[in-house]
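Chemist: Just model.csv, nothing more (CSV, C-alpha atoms):
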chain,number,residue,atom,x,y,z
A,959,MET,CA,92.0,140.9,-15.2
A,960,LYS,CA,89.9,140.5,-12.1
A,961,VAL,CA,91.3,137.8,-9.8
A,962,GLU,CA,89.6,136.7,-6.6
A,963,LEU,CA,90.5,134.1,-4.0
A,964,LEU,CA,87.7,133.0,-1.8
A,965,TYR,CA,88.6,131.2,1.4
A,966,PHE,CA,87.8,130.6,5.0
A,967,ASP,CA,90.5,131.1,7.6
A,968,ASP,CA,90.7,127.6,8.9
A,969,CYS,CA,91.5,126.2,5.4
A,970,PRO,CA,95.2,125.0,5.4
A,971,ASN,CA,95.5,125.6,1.6
A,972,TRP,CA,94.4,129.1,0.8
A,973,ARG,CA,97.7,130.8,1.7
A,974,ILE,CA,99.8,128.6,-0.6
A,975,THR,CA,97.2,129.0,-3.3
A,976,ARG,CA,97.5,132.8,-3.0
A,977,GLU,CA,101.3,132.6,-3.2
A,978,GLU,CA,101.3,130.3,-6.2
A,979,LEU,CA,98.6,132.3,-8.0
A,980,GLY,CA,100.6,135.5,-7.4
A,981,SER,CA,103.7,133.8,-8.8
A,982,VAL,CA,101.7,132.7,-11.9
A,983,LEU,CA,100.3,136.2,-12.5
A,984,ASP,CA,103.9,137.7,-12.1
A,985,ASP,CA,105.3,135.1,-14.5
A,986,HIS,CA,102.7,136.1,-17.1
A,987,GLY,CA,103.2,139.9,-16.6
A,988,VAL,CA,99.7,140.3,-15.3
A,989,ASP,CA,99.5,143.3,-13.0
A,990,ALA,CA,96.4,142.4,-11.1
A,991,ALA,CA,95.7,142.3,-7.4
A,992,ILE,CA,94.3,139.2,-5.9
A,993,ASP,CA,91.2,140.2,-4.1
A,994,LEU,CA,91.0,138.1,-0.9
A,995,ILE,CA,87.4,137.3,0.1
A,996,GLU,CA,86.9,135.6,3.4
A,997,VAL,CA,83.7,133.6,3.7
A,998,THR,CA,82.7,133.2,7.3
A,999,THR,CA,79.1,131.8,7.4
A,1000,PRO,CA,77.1,129.1,5.5
A,1001,GLU,CA,74.7,131.9,4.5
A,1002,GLU,CA,77.6,133.9,3.0
A,1003,ALA,CA,78.8,130.7,1.2
A,1004,GLN,CA,75.4,130.4,-0.3
A,1005,GLN,CA,75.2,134.1,-1.3
A,1006,ARG,CA,78.7,134.0,-2.9
A,1007,SER,CA,78.2,130.6,-4.6
A,1008,PHE,CA,81.2,129.4,-2.6
A,1009,HIS,CA,82.3,125.9,-3.5
A,1010,GLY,CA,84.8,125.5,-0.7
A,1011,SER,CA,88.2,126.9,0.2
A,1012,PRO,CA,90.2,127.8,-1.6
A,1013,SER,CA,88.2,129.0,-4.6
A,1014,VAL,CA,89.8,131.0,-7.4
A,1015,ARG,CA,87.8,133.2,-9.8
A,1016,ILE,CA,89.3,134.8,-12.8
A,1017,ASN,CA,87.1,137.4,-14.5
A,1018,GLU,CA,84.2,136.1,-12.3
A,1019,VAL,CA,84.7,132.6,-13.6
A,1020,ASP,CA,85.7,129.6,-11.4
A,1021,PRO,CA,87.9,127.7,-13.9
A,1022,PHE,CA,87.9,124.6,-11.6
A,1023,LEU,CA,84.2,124.3,-11.0
A,1024,THR,CA,82.7,120.9,-11.6
A,1025,GLU,CA,79.0,120.2,-12.1
A,1026,ASP,CA,78.6,118.4,-8.8
A,1027,ALA,CA,80.6,120.8,-6.6
A,1028,PRO,CA,78.5,121.6,-3.5
A,1029,ILE,CA,78.2,125.1,-2.1
A,1030,ALA,CA,79.6,124.8,1.4
A,1031,LEU,CA,81.7,126.4,4.0
A,1032,ALA,CA,84.3,123.6,3.8
A,1033,CYS,CA,87.6,122.7,2.3
A,1034,ARG,CA,87.5,122.1,-1.4
A,1035,VAL,CA,88.8,119.1,-3.2
A,1036,TYR,CA,90.6,119.4,-6.6
A,1037,ILE,CA,91.3,116.7,-9.1
A,1038,THR,CA,95.0,116.9,-10.0
A,1039,SER,CA,97.4,114.8,-12.0
A,1040,ASP,CA,98.6,113.3,-8.7
A,1041,GLY,CA,95.0,112.6,-7.5
A,1042,PHE,CA,92.8,114.5,-5.1
A,1043,ALA,CA,94.3,117.6,-3.4
A,1044,GLY,CA,93.1,120.5,-1.3
A,1045,ARG,CA,94.2,123.1,-3.8
A,1046,PRO,CA,94.9,123.4,-7.5
A,1047,THR,CA,98.4,122.8,-8.6
A,1048,LYS,CA,100.6,125.6,-9.9
A,1049,ALA,CA,100.3,124.0,-13.4
A,1050,GLN,CA,96.5,124.2,-13.1
A,1051,LEU,CA,96.6,127.8,-12.0
A,1052,THR,CA,98.9,128.6,-14.9
A,1053,ALA,CA,96.5,127.0,-17.4
A,1054,ALA,CA,93.6,128.9,-15.9
A,1055,VAL,CA,95.4,132.2,-16.2
A,1056,GLU,CA,96.6,131.4,-19.7
A,1057,THR,CA,93.0,130.5,-20.7
A,1058,ALA,CA,91.8,133.8,-19.2
A,1059,LEU,CA,94.5,135.8,-21.1
A,1060,GLY,CA,93.6,134.0,-24.3
A,1061,SER,CA,89.9,134.8,-23.9
A,1062,ALA,CA,90.7,138.5,-23.5
A,1063,ASP,CA,91.9,138.8,-27.1
Would you mind giving the structure from this file in structure tokens?

Modeler:
Amino acid sequence: MKVELLYFDDCPNWRITREELGSVLDDHGVDAAIDLIEVTTPEEAQQRSFHGSPSVRINEVDPFLTEDAPIALACRVYITSDGFAGRPTKAQLTAAVETALGSAD
């Protein structure tokens, strides 16, 4: 499984996302490194199709991408069961990993 976490350093949510994503991978017995990709310029954001920090990609798919998500060097907003948040919940990360594991069958 290929796992990437795209972020910009001033984002207050990427580190906890990395921690929770690592925990989810461990819980599911997935031995995959999380490739950290720092995005530093608007041009790089465009080149990488970066929809804000933090962005998770599993097997090159962003499981949280919405149709209207802008490409931007900015904080990303997620829709969670508790409303809008600056990162996906651990439950959302779990569902994304489980979906990716299921599609690998």

Chemist: Write out as a compact mmCIF listing (two decimals) with C-alpha atoms, in the coordinates of the input the residues lying within 7 Å of Leu1031 in chain A, counting all atoms listed in the file and excluding same-chain residues fewer than 5 positions away.

Modeler:
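What landed in part07.txt:
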# COMPACT_ATOMS: atom_id res chain seq x y z
CA THR A 999 79.10 131.80 7.40
CA PRO A 1000 77.10 129.10 5.50
CA ALA A 1003 78.80 130.70 1.20
CA GLY A 1010 84.80 125.50 -0.70

Chemist: Hey, what's within 10 Å of Glu1002 in chain A if we count all atoms listed in the file and toss same-chain stuff fewer than 5 positions away? As a list in words, please?

Modeler: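 Returned residues: Glu996, Val997, Ser1007, Phe1008, Ala1030 and Leu1031 of chain A.
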
Chemist: Rank A:Thr998, A:Ser1039, A:Ser981, A:Asn1017 by their smallest atom-to-atom distance to Thr1057 in chain A, using all atoms listed in the file, and report the top residue only.

Modeler: A:Asn1017

Chemist: For the atom pair CA of Ala991 in chain A and CA of Ala1032 in chain A, what is the interatomic distance in Å to one decimal place?

Modeler: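 Rounded to one decimal, the two atoms are 24.6 Å apart.
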
Chemist: Between A:Asp1040, A:Asp985, A:Glu977, A:Glu1018, which residue has the minimum interatomic distance to Arg1006 in chain A, considering only C-alpha atoms?

Modeler: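 Going through A:Asp1040, A:Asp985, A:Glu977, A:Glu1018 one by one, the smallest distance to Arg1006 in chain A is for A:Glu1018.
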
Chemist: Taking a cut-off of 7 Å and counting only C-alpha atoms, can you build a table that, for each residue of range 974-1043 of chain A near range 959-964 of chain A, reports the nearest atom pair and how far apart they are in Å (one decimal), sorted by chain then residue number, as CSV?

Modeler:
residue,atom,partner,partner_atom,distance
A:Ala990,CA,A:Met959,CA,6.2
A:Ala991,CA,A:Val961,CA,6.7
A:Ile992,CA,A:Val961,CA,5.1
A:Asp993,CA,A:Glu962,CA,4.6
A:Leu994,CA,A:Leu963,CA,5.1
A:Ile995,CA,A:Leu964,CA,4.7
A:Glu996,CA,A:Leu964,CA,5.9
A:Val997,CA,A:Leu964,CA,6.8
A:Ser1011,CA,A:Leu964,CA,6.4
A:Pro1012,CA,A:Leu964,CA,5.8
A:Ser1013,CA,A:Leu964,CA,4.9
A:Val1014,CA,A:Leu963,CA,4.7
A:Arg1015,CA,A:Glu962,CA,5.1
A:Ile1016,CA,A:Val961,CA,4.7
A:Asn1017,CA,A:Lys960,CA,4.8

Chemist: Figure out the distance between CA of Cys969 in chain A and CA of Arg1045 in chain A, please, to one decimal in Å.

Modeler: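 That distance, rounded to one decimal, is 10.1 Å.
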
Chemist: By how many Å are CA of Gly987 in chain A and CA of Ile1037 in chain A apart?

Modeler: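 A separation of 27.1 Å between them.
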
Chemist: Excluding same-chain residues fewer than 6 positions from range 1048-1055 of chain A, what lies within 9 Å of it counting all atoms listed in the file, as an MDAnalysis selection string?

Modeler: chainID A and resid 975 978:979 981:983 986 1014 1016 1021:1022 1038

Chemist: With 4 Å of padding per side, what axis-aligned box (centre and edge lengths, Å, one decimal) covers all the listed atoms of range 1028-1044 of chain A? Give it as lines of an AutoDock Vina configuration file.

Modeler:
center_x = 88.4
center_y = 119.5
center_z = -4.0
size_x = 28.4
size_y = 21.8
size_z = 24.0
